[in-house]
Each structure stands twice: as structure tokens, then as C-alpha cells.
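Here's the structure we're looking at; comments come further down.
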Amino acid sequence: MKKYLAEMVGTFVLTFLGCGAAVALGCGSDTASIVGTAIAFGLSVVAMAYTIGGISGCHINPAITLGCFLTGRMNAKDCGMYMLFQVIGAILAAACLYLVVSTAGEGAIITTSTGANACSYGTTNGLIVEIVLTALFVLVVLGATSKTNGATNNFAGLAIGLSLILIHLVGIHFTGTSVNPARSIGPALFQGGQALSELWVFIVGPLVGGACAAGIWKCIHPEKK
């Protein structure tokens, strides 16, 4: 149970700090806000990797969990429970962020958003972006944490966090960057409107991307340590 709770806490931190930065910085209003939001998401992953990595592996993302399941790193029960607790963590984080925003007062320099995702150029574009970016991200996770990858897995948290920054720098303009169904579900429930109607894109896209990454990794990973 501790590893499930660790996933909930980790996803809470990722969602609250990442989306919180997007809200506080008014992500998308200028280049600095985009870079700042990207860094916030990446650093959140680095922080959690070295906090709960030894407990649960620090997936904090259903797409990563799916990739690990499809590559034989975990069983079906753990896969389902990880995803459930990740979503719970994201919803709790979105609720807290909503409280912060709604009680900030008129003088607060923040947006009314909860950091929810939206397809800026249509759902087809959004789906493609989320599939490709998630596949790249999960591939990095699978490679960086592989036992066949030598000592490099000692720096997995840093590699994963930095790659998430790069992913956000590319994707924010198009979708706000999800690559994580849990991170999208929580804010969308409180944002409503377009975020909720397009939520399927940010569930299907990352899960398909995670499955693609698992397939790619199976083709290229070394057989021996």
C-alpha cells in the first residue's frame, strides 16, 4: 500500500507545482512563462524521483506505468492501482490549486485557470502531439531506469526531469503539454468547459504514446546487463 500512497503523493506534487506554476506565471502569455512552466514540471519530477523513487519507482504518470507494465516490469494489479492512486493524487492537487486561486482575491496576479490542457489547433493536432511527445518521454524513462543500462540509471531522475522540460517546451504551444492522463484529469474536472470536453485527447494520446514507447524499447533494449 505504501507504494500506491507514494504514487498519490508524487502525482499530487507534480500536478500542484507544475500546474500551479502555469497558473501563477500565466503560461502562454510570453516566452518566459512557458520556459518557467516547463522548468517547474521538470524540477517537480526530479524532486519526486529522489523522494519516492526508492518506494514506488516514481512513475507519477499512468503512461509511464502502462509502459512499465507492457515491458514486463510490473504486474496488472500494481499497474491498475498505480493508475488509480495517480489520478486521486492529481484530483487532490487540482482541488488545492482551485482553492488557492479562488481565495486569492482580486489583487492576486494569477490567471483563473487550474492549469488544464486544451487543444489549441484542434483535437487531431492535439492527439498527434500528445502521442509523439509521450512516446519520446516514456522511452527516456524506460531507458534511463533500465537495469541493462549500466550506471546511467543512477542519474535517471535527472535525465527524466530534464527530458520533461524539453517535452514541455515543444508541447505547451499546442496542447499545454500533458503526456500524463492523471495530470490532465484533475485540473479538467475543476476547469470544465473545453478542458473537460477535450479530456479524452489527454487520456488516449498519452496512453497510446506510452504503449508505443514500450514497443520501441522492446525492439532496441539490450538482452544482457
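If you're wondering about the labels, chains in the C-alpha cells are A, B, ... by order shown, residues count from 1 in each chain, ligands from 1 in order shown.
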
For A:Leu25: contacts at 12 Å, only C-alpha atoms, fewer than 2 positions along chain excluded, given as number ranges by chain: A: 17-23, 27-40, 108-115

Which polymer residues have any atom within 9 Å of an atom of A:Asn125, counting only C-alpha atoms, with same-chain residues fewer than 5 positions away left out, as an mmCIF file with N, CA and C atoms, in the first residue's frame?
```
data_model
loop_
_atom_site.group_PDB
_atom_site.id
_atom_site.type_symbol
_atom_site.label_atom_id
_atom_site.label_comp_id
_atom_site.auth_asym_id
_atom_site.auth_seq_id
_atom_site.Cartn_x
_atom_site.Cartn_y
_atom_site.Cartn_z
ATOM 1 N N CYS A 119 -6.621 21.739 -26.611
ATOM 2 C CA CYS A 119 -6.066 21.572 -27.962
ATOM 3 C C CYS A 119 -6.169 22.891 -28.708
ATOM 4 N N SER A 120 -5.078 23.626 -28.794
ATOM 5 C CA SER A 120 -5.081 24.951 -29.417
ATOM 6 C C SER A 120 -5.374 24.897 -30.907
ATOM 7 N N GLU A 130 0.329 14.751 -28.464
ATOM 8 C CA GLU A 130 0.397 14.012 -27.201
ATOM 9 C C GLU A 130 0.955 12.599 -27.399
ATOM 10 N N PHE A 174 1.040 23.883 -28.297
ATOM 11 C CA PHE A 174 -0.009 23.127 -28.992
ATOM 12 C C PHE A 174 -1.106 22.617 -28.060
ATOM 13 N N THR A 175 -0.720 22.063 -26.913
ATOM 14 C CA THR A 175 -1.722 21.432 -26.041
ATOM 15 C C THR A 175 -1.603 21.842 -24.574
#
```

Within 9 Å of stretch 6-11 of chain A using only C-alpha atoms, minus same-chain residues under 6 positions, as a PyMOL selection string: chain A and resi 44-45+48-49+51-53+55-61+82-90+93+182-183

Go through stretch 9-119 of chain A and flag each residue having an atom no more than 8 Å from stretch 198-215 of chain A; for those, report the closest pair of atoms plus their distance in Å to one decimal, using only C-alpha atoms, ordered by chain and rising number, as a tab-separated table.
```
residue	atom	partner	partner_atom	distance
A:Pro62	CA	A:Leu207	CA	7.3
A:Ala63	CA	A:Gly210	CA	4.8
A:Ile64	CA	A:Gly210	CA	6.2
A:Leu66	CA	A:Gly210	CA	6.3
A:Gly67	CA	A:Ala214	CA	5.0
A:Cys68	CA	A:Ala214	CA	7.4
A:Leu70	CA	A:Ala214	CA	6.1
A:Thr71	CA	A:Ala214	CA	5.9
A:Asn117	CA	A:Phe202	CA	7.7
A:Ala118	CA	A:Glu198	CA	6.7
A:Cys119	CA	A:Glu198	CA	7.3
```

Of the listed residues A:Gly171, A:Gly157, A:Gly192, A:Gly143, that which approaches A:Pro222 most closely, counting only C-alpha atoms: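 Using only C-alpha atoms, A:Pro222 sits closest to A:Gly143.
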
Atom pair atom CA of A:Val46 / atom CA of A:His221: separation (Å):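 Distance between the two atoms: 23.9 Å.
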
Spatial neighbours of A:Leu164, 9 Å, only C-alpha atoms, chain gap at least 2 places, as a VMD selection string: chain A and resid 38 to 39 41 to 43 45 137 159 to 162 166 to 169

Nearest residue to A:Ala95 from the set A:Val138, A:Ala188, A:Met81, A:Ala24 (distances using only C-alpha atoms):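 Checking each of A:Val138, A:Ala188, A:Met81, A:Ala24 against A:Ala95, counting only C-alpha atoms, the winner is A:Ala188.
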
Residue list (helix (DSSP H, G or I), DSSP) for chain A, as a VMD selection string: chain A and resid 2 to 25 31 to 56 62 to 70 76 to 102 123 to 144 147 to 175 181 to 191 193 to 197 201 to 220

Minimum-distance residue to A:Gly80, chosen among A:Tyr4, A:Gly186, A:His173, A:Thr145 (using only C-alpha atoms):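 Selected residue with least distance to A:Gly80: A:Tyr4.
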
Counting only C-alpha atoms, the residue of A:Phe190, A:Gly126, A:Ile165, A:Ala156 that sits nearest A:Ser102: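 For A:Ser102, the nearest of the candidates is A:Phe190.
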